[in-house]
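K.L.:
Structure file data-v1.csv, CSV, C-alpha atoms and all ligand atoms, is pasted below:
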```csv
chain,number,residue,atom,x,y,z
A,29,MET,CA,0.0,0.0,0.0
A,30,VAL,CA,1.2,3.4,-0.9
A,31,THR,CA,1.1,6.2,1.6
A,32,TYR,CA,0.5,9.5,-0.2
A,33,LEU,CA,1.9,12.8,1.2
A,34,PRO,CA,-0.9,15.4,1.2
A,35,ARG,CA,-0.8,18.6,-0.8
A,36,SER,CA,0.0,20.4,2.4
A,37,ALA,CA,3.4,18.5,2.5
A,38,TRP,CA,4.6,20.6,-0.4
A,39,ASN,CA,2.6,23.7,0.6
A,40,ALA,CA,0.5,23.5,-2.5
A,41,ARG,CA,-1.7,26.5,-3.5
A,42,PRO,CA,-5.4,25.6,-3.9
A,43,PRO,CA,-6.4,24.7,-7.5
A,44,ASN,CA,-8.1,27.3,-9.5
A,45,GLY,CA,-11.2,25.4,-10.7
A,46,GLY,CA,-10.1,22.4,-12.8
A,47,PRO,CA,-11.4,19.8,-15.2
A,48,GLY,CA,-13.0,17.5,-12.6
A,49,ASN,CA,-12.7,13.8,-12.3
A,50,LEU,CA,-11.8,11.3,-15.0
A,51,THR,CA,-14.7,9.2,-16.4
A,52,VAL,CA,-14.1,5.6,-15.4
A,53,SER,CA,-15.3,4.1,-18.7
A,54,ARG,CA,-12.9,6.3,-20.8
A,55,VAL,CA,-9.7,5.8,-19.0
A,56,GLN,CA,-7.2,3.4,-20.7
A,57,GLY,CA,-4.1,3.7,-18.6
A,58,ALA,CA,-1.5,5.9,-17.0
A,59,VAL,CA,1.1,8.0,-18.8
A,60,ILE,CA,4.6,8.4,-17.2
A,61,HIS,CA,6.3,11.8,-17.2
A,62,TRP,CA,9.4,13.5,-15.9
A,63,PRO,CA,10.0,17.1,-15.3
A,64,GLY,CA,12.2,17.5,-18.3
A,65,THR,CA,14.1,20.4,-16.9
A,66,GLY,CA,17.3,19.6,-18.8
A,67,SER,CA,19.2,19.9,-15.5
A,68,THR,CA,21.3,17.1,-14.1
A,69,SER,CA,21.1,18.5,-10.6
A,70,VAL,CA,19.3,15.8,-8.6
A,71,ILE,CA,16.1,16.5,-6.6
A,72,HIS,CA,16.3,13.9,-3.8
A,73,SER,CA,15.6,15.3,-0.3
A,74,LYS,CA,12.0,15.8,0.9
A,75,ALA,CA,12.5,19.6,1.1
A,76,ALA,CA,14.0,19.7,-2.4
A,77,VAL,CA,11.1,17.8,-3.9
A,78,ALA,CA,8.5,19.9,-2.1
A,79,SER,CA,10.3,23.0,-3.3
A,80,ALA,CA,10.4,21.7,-6.9
A,81,LEU,CA,6.7,20.8,-6.9
A,82,ARG,CA,5.8,24.3,-5.7
A,83,GLY,CA,7.9,25.8,-8.4
A,84,TRP,CA,6.3,23.7,-11.1
A,85,GLN,CA,2.8,24.5,-9.7
A,86,ASN,CA,3.6,28.2,-9.9
A,87,PHE,CA,4.9,27.8,-13.5
A,88,HIS,CA,1.8,25.8,-14.6
A,89,MET,CA,-0.7,28.1,-12.9
A,90,ASP,CA,1.0,31.5,-13.4
A,91,ASP,CA,2.9,31.1,-16.7
A,92,ARG,CA,0.7,28.5,-18.4
A,93,GLY,CA,-2.6,29.7,-16.9
A,94,TRP,CA,-3.6,26.1,-15.9
A,95,SER,CA,-5.8,25.2,-12.9
A,96,ASP,CA,-3.1,23.4,-10.9
A,97,ILE,CA,0.1,21.6,-11.3
A,98,ALA,CA,-0.4,19.4,-14.4
A,99,TYR,CA,0.1,15.9,-12.9
A,100,GLN,CA,-1.9,13.6,-10.6
A,101,ILE,CA,0.8,12.1,-8.5
A,102,ALA,CA,4.6,12.6,-8.2
A,103,VAL,CA,7.0,9.8,-7.1
A,104,ASP,CA,10.5,10.7,-6.1
A,105,GLN,CA,13.8,8.7,-5.9
A,106,ALA,CA,13.3,8.0,-2.2
A,107,GLY,CA,10.0,6.3,-3.0
A,108,ARG,CA,7.7,9.0,-1.6
A,109,ALA,CA,4.4,9.5,-3.3
A,110,TRP,CA,3.1,13.1,-3.4
A,111,THR,CA,-0.5,14.1,-4.0
A,112,LEU,CA,-0.7,16.6,-6.7
A,113,ARG,CA,-4.2,16.7,-8.4
A,114,GLY,CA,-4.8,13.2,-7.1
A,115,LEU,CA,-5.5,10.0,-9.0
A,116,ARG,CA,-9.1,10.6,-9.8
A,117,THR,CA,-8.8,14.1,-11.1
A,118,GLN,CA,-8.1,14.7,-14.8
A,119,SER,CA,-4.6,15.9,-15.5
A,120,GLY,CA,-3.4,18.6,-17.8
A,121,ALA,CA,-0.2,16.8,-18.6
A,122,ASN,CA,-0.6,14.5,-21.6
A,123,GLY,CA,-0.7,17.0,-24.5
A,124,ASN,CA,-4.4,17.5,-25.4
A,125,ASN,CA,-7.8,17.1,-23.9
A,126,ASP,CA,-8.5,13.7,-25.4
A,127,LEU,CA,-5.3,12.3,-24.0
A,128,ASN,CA,-6.0,13.8,-20.7
A,129,GLU,CA,-9.4,12.2,-20.6
A,130,ARG,CA,-8.0,8.8,-21.6
A,131,TYR,CA,-4.8,8.7,-19.4
A,132,GLY,CA,-3.7,9.5,-15.9
A,133,ALA,CA,-0.4,11.3,-15.4
A,134,ILE,CA,2.3,10.3,-13.0
A,135,LEU,CA,5.4,12.4,-12.6
A,136,LEU,CA,8.7,10.8,-11.8
A,137,VAL,CA,11.0,13.3,-10.1
A,138,LEU,CA,13.9,12.2,-12.2
A,139,VAL,CA,16.6,14.4,-13.8
A,140,THR,CA,18.6,14.0,-17.0
A,141,GLY,CA,21.0,11.1,-16.7
A,142,GLU,CA,19.4,9.6,-13.6
A,143,GLN,CA,18.2,6.0,-13.4
A,144,PRO,CA,15.0,5.4,-11.4
A,145,THR,CA,15.8,3.8,-8.0
A,146,ALA,CA,14.3,0.6,-6.7
A,147,ALA,CA,12.2,2.7,-4.3
A,148,MET,CA,10.9,4.9,-7.1
A,149,LYS,CA,9.9,1.8,-9.1
A,150,ALA,CA,8.2,0.1,-6.2
A,151,THR,CA,6.2,3.1,-5.2
A,152,THR,CA,5.2,3.7,-8.8
A,153,ARG,CA,4.0,0.2,-9.1
A,154,GLY,CA,1.9,0.8,-6.0
A,155,VAL,CA,0.5,4.0,-7.4
A,156,ILE,CA,-0.4,2.3,-10.7
A,157,ALA,CA,-2.1,-0.5,-8.7
A,158,ASP,CA,-4.2,2.2,-7.0
A,159,PHE,CA,-4.9,3.9,-10.3
A,160,ARG,CA,-6.2,0.5,-11.6
A,161,ARG,CA,-8.5,0.2,-8.6
A,162,PHE,CA,-10.2,3.5,-9.6
A,163,PHE,CA,-10.0,2.7,-13.3
A,164,PRO,CA,-10.2,-1.0,-13.9
A,165,ARG,CA,-9.9,-0.6,-17.7
A,166,GLY,CA,-6.9,1.7,-17.3
A,167,THR,CA,-4.3,-0.9,-17.4
A,168,ALA,CA,-1.9,0.6,-20.0
A,169,ILE,CA,1.4,2.1,-18.8
A,170,ARG,CA,2.9,4.3,-21.4
A,171,PRO,CA,5.7,6.8,-21.7
A,172,HIS,CA,4.5,10.3,-22.6
A,173,SER,CA,6.5,10.0,-25.8
A,174,ALA,CA,4.3,7.1,-27.0
A,175,VAL,CA,1.0,9.0,-26.8
A,176,ARG,CA,1.8,12.7,-27.5
A,177,PRO,CA,1.1,13.3,-31.2
A,178,ASP,CA,3.7,16.1,-31.7
A,179,GLY,CA,6.6,14.4,-30.0
A,180,THR,CA,8.4,14.7,-26.8
A,181,ASP,CA,11.4,13.0,-25.1
A,182,CYS,CA,9.4,12.7,-21.9
A,183,PRO,CA,9.9,10.7,-19.6
A,184,GLY,CA,13.5,10.3,-20.8
A,185,PRO,CA,15.4,7.2,-21.9
A,186,ALA,CA,15.9,5.7,-18.5
A,187,ALA,CA,12.2,5.7,-17.5
A,188,ARG,CA,11.2,4.7,-21.0
A,189,ALA,CA,13.5,1.6,-20.7
A,190,ALA,CA,12.1,0.9,-17.3
A,191,ILE,CA,8.5,1.0,-18.6
A,192,ALA,CA,9.5,-1.4,-21.4
A,193,ARG,CA,11.1,-3.8,-18.9
A,194,GLY,CA,7.9,-3.8,-16.9
A,195,ASP,CA,9.6,-2.1,-13.9
A,196,PHE,CA,6.5,0.0,-13.2
A,197,THR,CA,4.0,-2.9,-13.8
A,198,PRO,CA,2.3,-3.9,-10.6
A,199,THR,CA,3.1,-7.5,-9.4
A,200,SER,CA,0.2,-9.7,-8.4
A,201,SER,CA,0.8,-8.9,-4.7
A,202,GLU,CA,1.0,-5.1,-5.3
A,203,ASP,CA,-2.1,-5.3,-7.5
A,204,ASP,CA,-4.1,-6.2,-4.4
A,205,MET,CA,-7.8,-5.8,-3.8
A,206,THR,CA,-9.9,-3.7,-1.5
A,207,PRO,CA,-11.4,-5.5,1.5
A,208,ALA,CA,-14.8,-5.4,-0.2
A,209,GLN,CA,-13.4,-6.9,-3.4
A,210,MET,CA,-11.6,-9.5,-1.4
A,211,GLN,CA,-14.8,-10.4,0.5
A,212,GLU,CA,-16.7,-10.6,-2.7
A,213,LEU,CA,-14.1,-13.0,-4.2
A,214,LYS,CA,-14.1,-15.1,-1.0
A,215,ASN,CA,-17.9,-15.4,-1.1
A,216,PHE,CA,-17.8,-16.3,-4.8
A,217,ILE,CA,-15.2,-19.1,-4.2
A,218,GLU,CA,-17.1,-20.4,-1.2
A,219,ALA,CA,-20.4,-20.5,-3.1
A,220,ARG,CA,-18.7,-22.3,-6.0
A,221,SER,CA,-17.0,-24.8,-3.8
A,222,GLN,CA,-20.3,-25.6,-2.0
A,223,ALA,CA,-22.1,-26.0,-5.3
A,224,TYR,CA,-19.3,-28.3,-6.6
A,225,ALA,CA,-19.4,-30.4,-3.4
A,226,LEU,CA,-23.2,-30.8,-3.8
A,227,TRP,CA,-22.8,-31.8,-7.4
A,228,VAL,CA,-20.1,-34.4,-6.5
A,229,HIS,CA,-22.3,-35.7,-3.8
A,230,ARG,CA,-25.3,-36.2,-6.1
A,231,GLN,CA,-23.2,-37.6,-8.9
A,232,LEU,CA,-21.5,-40.1,-6.5
A,233,ARG,CA,-24.9,-41.1,-5.1
A,234,THR,CA,-26.2,-41.8,-8.6
A,235,ASP,CA,-23.2,-43.8,-9.6
A,236,LEU,CA,-23.1,-45.7,-6.3
A,237,SER,CA,-26.8,-46.5,-6.5
A,238,ALA,CA,-26.2,-48.1,-9.9
A,239,VAL,CA,-23.3,-50.1,-8.5
A,240,VAL,CA,-25.3,-51.3,-5.5
A,241,LYS,CA,-28.3,-52.2,-7.7
A,242,ALA,CA,-26.1,-54.3,-10.0
A,243,TYR,CA,-24.3,-56.0,-7.1
A,244,ALA,CA,-27.6,-56.8,-5.4
A,245,LEU,CA,-28.9,-58.4,-8.7
A,246,ASP,CA,-25.6,-60.4,-9.0
A,247,ILE,CA,-26.0,-61.7,-5.5
A,248,LYS,CA,-29.6,-62.9,-6.1
A,249,ASN,CA,-28.5,-64.6,-9.3
A,250,TYR,CA,-25.6,-66.3,-7.6
A,251,GLU,CA,-27.8,-67.5,-4.7
A,252,ARG,CA,-30.4,-68.8,-7.2
A,253,GLN,CA,-27.9,-70.6,-9.3
A,254,THR,CA,-26.0,-72.1,-6.3
A,255,ASP,CA,-29.2,-73.3,-4.7
A,256,ALA,CA,-30.2,-75.1,-7.9
A,257,ALA,CA,-26.7,-76.6,-8.3
A,258,ASP,CA,-26.5,-77.7,-4.7
A,259,ALA,CA,-29.9,-79.5,-5.1
A,260,GLN,CA,-28.8,-81.2,-8.3
A,261,ARG,CA,-25.5,-82.3,-6.7
A,262,ALA,CA,-27.4,-83.7,-3.7
A,263,ALA,CA,-29.8,-85.6,-5.9
A,264,ALA,CA,-26.9,-87.0,-8.0
A,265,ALA,CA,-25.2,-88.2,-4.8
A,266,VAL,CA,-28.3,-90.0,-3.6
A,267,TRP,CA,-28.7,-91.8,-7.0
A,268,ALA,CA,-25.0,-92.7,-7.0
A,269,THR,CA,-25.5,-94.7,-3.7
A,270,ALA,CA,-28.5,-96.6,-5.0
A,271,PRO,CA,-28.0,-100.4,-5.6
A,272,ASP,CA,-27.5,-101.5,-9.2
A,273,ASN,CA,-30.8,-103.3,-9.3
A,274,PHE,CA,-32.6,-100.2,-7.9
A,275,PRO,CA,-35.8,-99.8,-9.9
A,276,THR,CA,-35.1,-97.2,-12.6
A,277,ASN,CA,-38.6,-96.9,-13.9
A,278,THR,CA,-38.9,-94.0,-11.6
A,279,GLU,CA,-37.4,-90.8,-12.9
A,280,PRO,CA,-35.1,-89.0,-10.5
A,281,LYS,CA,-36.8,-86.2,-8.7
A,282,PRO,CA,-36.4,-83.0,-10.6
A,283,ALA,CA,-34.2,-80.3,-9.2
A,284,PRO,CA,-36.1,-77.8,-7.2
A,285,ASP,CA,-37.4,-74.9,-9.1
A,286,PRO,CA,-34.8,-72.1,-8.9
A,287,GLY,CA,-37.5,-69.6,-8.7
A,288,PRO,CA,-38.3,-66.6,-10.8
A,289,GLU,CA,-35.5,-64.5,-12.3
A,290,PRO,CA,-34.9,-61.4,-10.1
A,291,ASP,CA,-36.3,-58.3,-11.7
A,292,PRO,CA,-33.3,-56.0,-12.7
A,293,SER,CA,-35.6,-53.0,-12.6
A,294,ALA,CA,-36.5,-53.6,-9.0
A,295,GLU,CA,-35.2,-51.1,-6.5
A,296,PRO,CA,-32.1,-52.3,-4.7
A,297,TYR,CA,-32.6,-53.0,-1.1
A,298,LEU,CA,-29.7,-50.7,-0.1
A,299,LEU,CA,-30.8,-47.0,-0.5
A,300,LEU,CA,-28.5,-44.1,0.0
A,301,PRO,CA,-29.8,-41.1,2.0
A,302,GLU,CA,-30.7,-38.0,0.2
A,303,PRO,CA,-27.9,-35.4,0.3
A,304,GLU,CA,-28.5,-32.6,2.7
A,305,GLU,CA,-29.1,-29.2,1.2
A,306,LEU,CA,-26.0,-27.0,1.8
A,307,PRO,CA,-26.4,-23.5,3.1
A,308,THR,CA,-26.3,-20.8,0.4
A,309,VAL,CA,-23.7,-18.0,0.7
A,310,ASP,CA,-24.7,-14.4,0.4
A,311,THR,CA,-22.4,-13.0,-2.2
A,312,THR,CA,-23.4,-9.4,-1.7
A,313,PRO,CA,-20.3,-7.5,-0.6
A,314,ASP,CA,-20.4,-6.3,2.9
A,315,ALA,CA,-21.0,-2.6,2.8
A,316,SER,CA,-19.2,-2.1,6.0
A,317,LEU,CA,-16.0,-3.4,4.4
A,318,ALA,CA,-16.2,-1.1,1.5
A,319,ASP,CA,-13.2,1.1,1.2
A,320,GLY,CA,-14.4,4.7,1.5
A,321,SER,CA,-12.0,5.7,-1.2
A,322,ALA,CA,-13.0,3.0,-3.7
A,323,PRO,CA,-14.8,4.0,-6.9
A,324,ALA,CA,-18.5,3.8,-6.8
A,325,ALA,CA,-20.1,0.6,-8.1
A,326,ASP,CA,-21.5,2.2,-11.2
A,327,GLY,CA,-18.1,3.7,-12.0
A,328,SER,CA,-19.1,7.2,-11.4
A,329,ALA,CA,-17.3,9.5,-9.1
A,330,PRO,CA,-19.0,10.9,-6.0
A,331,ALA,CA,-20.8,14.1,-7.0
A,332,ALA,CA,-19.6,15.8,-3.9
A,333,SER,CA,-16.0,15.7,-4.9
A,334,ALA,CA,-16.4,16.6,-8.5
A,335,ASP,CA,-15.0,20.0,-9.3
A,336,PRO,CA,-17.1,22.2,-11.6
A,337,GLU,CA,-15.4,22.5,-14.9
A,338,PRO,CA,-14.8,26.1,-15.7
A,339,ALA,CA,-15.4,27.5,-19.1
A,340,GLY,CA,-12.4,27.7,-21.4
A,341,GLN,CA,-10.2,25.2,-19.8
A,342,PRO,CA,-6.8,26.3,-21.1
A,343,GLU,CA,-5.0,23.0,-20.7
A,344,SER,CA,-6.1,21.2,-23.8
A,345,GLY,CA,-3.4,20.9,-26.4
A,346,SER,CA,-0.7,22.1,-24.2
A,347,ASP,CA,2.3,20.3,-22.8
A,348,PRO,CA,3.7,21.0,-19.4
A,349,GLU,CA,7.3,20.1,-20.2
A,350,PRO,CA,9.9,21.4,-20.0
A,351,ASN,CA,9.4,22.7,-16.6
A,352,PRO,CA,11.8,25.3,-15.3
A,353,SER,CA,14.6,24.0,-13.1
A,354,PRO,CA,13.4,24.2,-9.5
A,355,GLN,CA,14.7,27.1,-7.3
A,356,GLN,CA,16.4,25.5,-4.3
A,401,ZN,ZN,5.4,14.4,-20.1
```
Could you show the structure in this file as structure tokens?
Ligand SMILES: [Zn+2]
P.N.:
Amino acid sequence: MVTYLPRSAWNARPPNGGPGNLTVSRVQGAVIHWPGTGSTSVIHSKAAVASALRGWQNFHMDDRGWSDIAYQIAVDQAGRAWTLRGLRTQSGANGNNDLNERYGAILLVLVTGEQPTAAMKATTRGVIADFRRFFPRGTAIRPHSAVRPDGTDCPGPAARAAIARGDFTPTSSEDDMTPAQMQELKNFIEARSQAYALWVHRQLRTDLSAVVKAYALDIKNYERQTDAADAQRAAAAVWATAPDNFPTNTEPKPAPDPGPEPDPSAEPYLLLPEPEELPTVDTTPDASLADGSAPAADGSAPAASADPEPAGQPESGSDPEPNPSPQQ
């Protein structure tokens, strides 16, 4: 889980209006940016990052006339995640309004010549996992250079290579679920397991009944045949002891009637009990477990947090890079 530093951690100015929240059904993924200052002077300490973010916010609001700093979240080389506009709010960073509606915008605080640290990569994976919780269709992770129609070097060769290697792609453990989603999955698995157990029980009962029936029939046949054979053997033994001059005008007694053939369609005398009905599982997610920050079930953002969109949003078609080098 990623811990996000609040806007107050970098002493952010309040946004001046803004484009509002992204629409869940439109979002395809997250775009990775860097500041693109052209400077090789690193921005590593917490104070240095806060100062740089303030400088870029001033530049975007005062020089570009935008509502706020352009990006949603910043991640620095120490692995800190900074709340800028926030993951749900539309960015102004991707190059035009369409791209801003289709992609989020994550800023890596990375300067020219620098490789992203393991901490930066891990936090970025966590941020992207959170982004996917808000925007389940937004699974793409793309360098700014791959989406901006009129070209940019952003986010630089090192981050571009890291994206291509999958260094920012959440692992299965990082792409974890909310407690409500986890409960829903547990209920689903439990309900499926119970249904399967019941099915197996019924299936076995059917198969076993057929076996028992056939076995019972075999026993009856065996008993009938051995009874008849025993009687014949006994009669033969009696006749064998008879004297040679024993009158033979009398036919030997016929073997006893073996009785009627058993009816194969008759119910076997061993019946299995009916399987018990298993309890059904309520698969409705427990509302009390729902994460307050999770997206609404219908994919819409809460109305209360939606910023009104001011007329003439100036961010469309503009690119925030390069940013001025931060004043330390
Ligand atoms: Zn960019």
K.L.:
Can you work out which one of A:Trp227, A:Asn215, A:Val55, A:Thr68 has the shortest atom-to-atom distance to Arg161 (chain A), counting only C-alpha atoms?
P.N.:
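Looking only at the distances to Arg161 (chain A), the closest residue turns out to be A:Val55.
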K.L.:
Just how far from CA of Ser67 (chain A) is CA of Leu33 (chain A), in Å to one decimal?
P.N.:
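Atom-to-atom, CA of Leu33 (chain A) to CA of Ser67 (chain A), that is 25.1 Å.
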K.L.:
Nearest residue to ligand ZN 401 (chain A) out of A:Pro185, A:Pro144, A:Gly64, A:Gly114, using only C-alpha atoms and all ligand atoms?
P.N.:
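Under the stated criterion, the closest residue is A:Gly64.
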K.L.:
So that I can check the surroundings of Thr145 (chain A), please list as a list in words every protein, DNA and RNA residue that reaches within 9 Å of it, counting all atoms listed in the file and ignoring chain neighbours fewer than 4 positions away.
P.N.:
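The residues satisfying every condition are Asp104, Gln105, Ala106, Gly107, Lys149 and Ala150 of chain A.
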K.L.:
Just write the chosen residues, C-alpha atoms, as an mmCIF file, in the coordinates of the input.
P.N.:
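New file part-v6.cif:
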```
data_model
loop_
_atom_site.group_PDB
_atom_site.id
_atom_site.type_symbol
_atom_site.label_atom_id
_atom_site.label_comp_id
_atom_site.auth_asym_id
_atom_site.auth_seq_id
_atom_site.Cartn_x
_atom_site.Cartn_y
_atom_site.Cartn_z
ATOM 1 C CA ASP A 104 10.500 10.700 -6.100
ATOM 2 C CA GLN A 105 13.800 8.700 -5.900
ATOM 3 C CA ALA A 106 13.300 8.000 -2.200
ATOM 4 C CA GLY A 107 10.000 6.300 -3.000
ATOM 5 C CA LYS A 149 9.900 1.800 -9.100
ATOM 6 C CA ALA A 150 8.200 0.100 -6.200
#
```
K.L.:
Please identify all protein, DNA and RNA residues within 7 Å of ligand ZN 401 (chain A), counting only C-alpha atoms and all ligand atoms, and report them as a compact mmCIF listing (two decimals) with C-alpha atoms, keeping the file's coordinate frame.
P.N.:
```txt
# COMPACT_ATOMS: atom_id res chain seq x y z
CA ILE A 60 4.60 8.40 -17.20
CA HIS A 61 6.30 11.80 -17.20
CA TRP A 62 9.40 13.50 -15.90
CA ALA A 121 -0.20 16.80 -18.60
CA ASN A 122 -0.60 14.50 -21.60
CA HIS A 172 4.50 10.30 -22.60
CA CYS A 182 9.40 12.70 -21.90
CA PRO A 183 9.90 10.70 -19.60
CA PRO A 348 3.70 21.00 -19.40
CA GLU A 349 7.30 20.10 -20.20
```
K.L.:
Report, in Å with one decimal, the straight-line distance from CA of Arg113 (chain A) to CA of Pro43 (chain A).
P.N.:
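Between CA of Arg113 (chain A) and CA of Pro43 (chain A) the gap is 8.3 Å.
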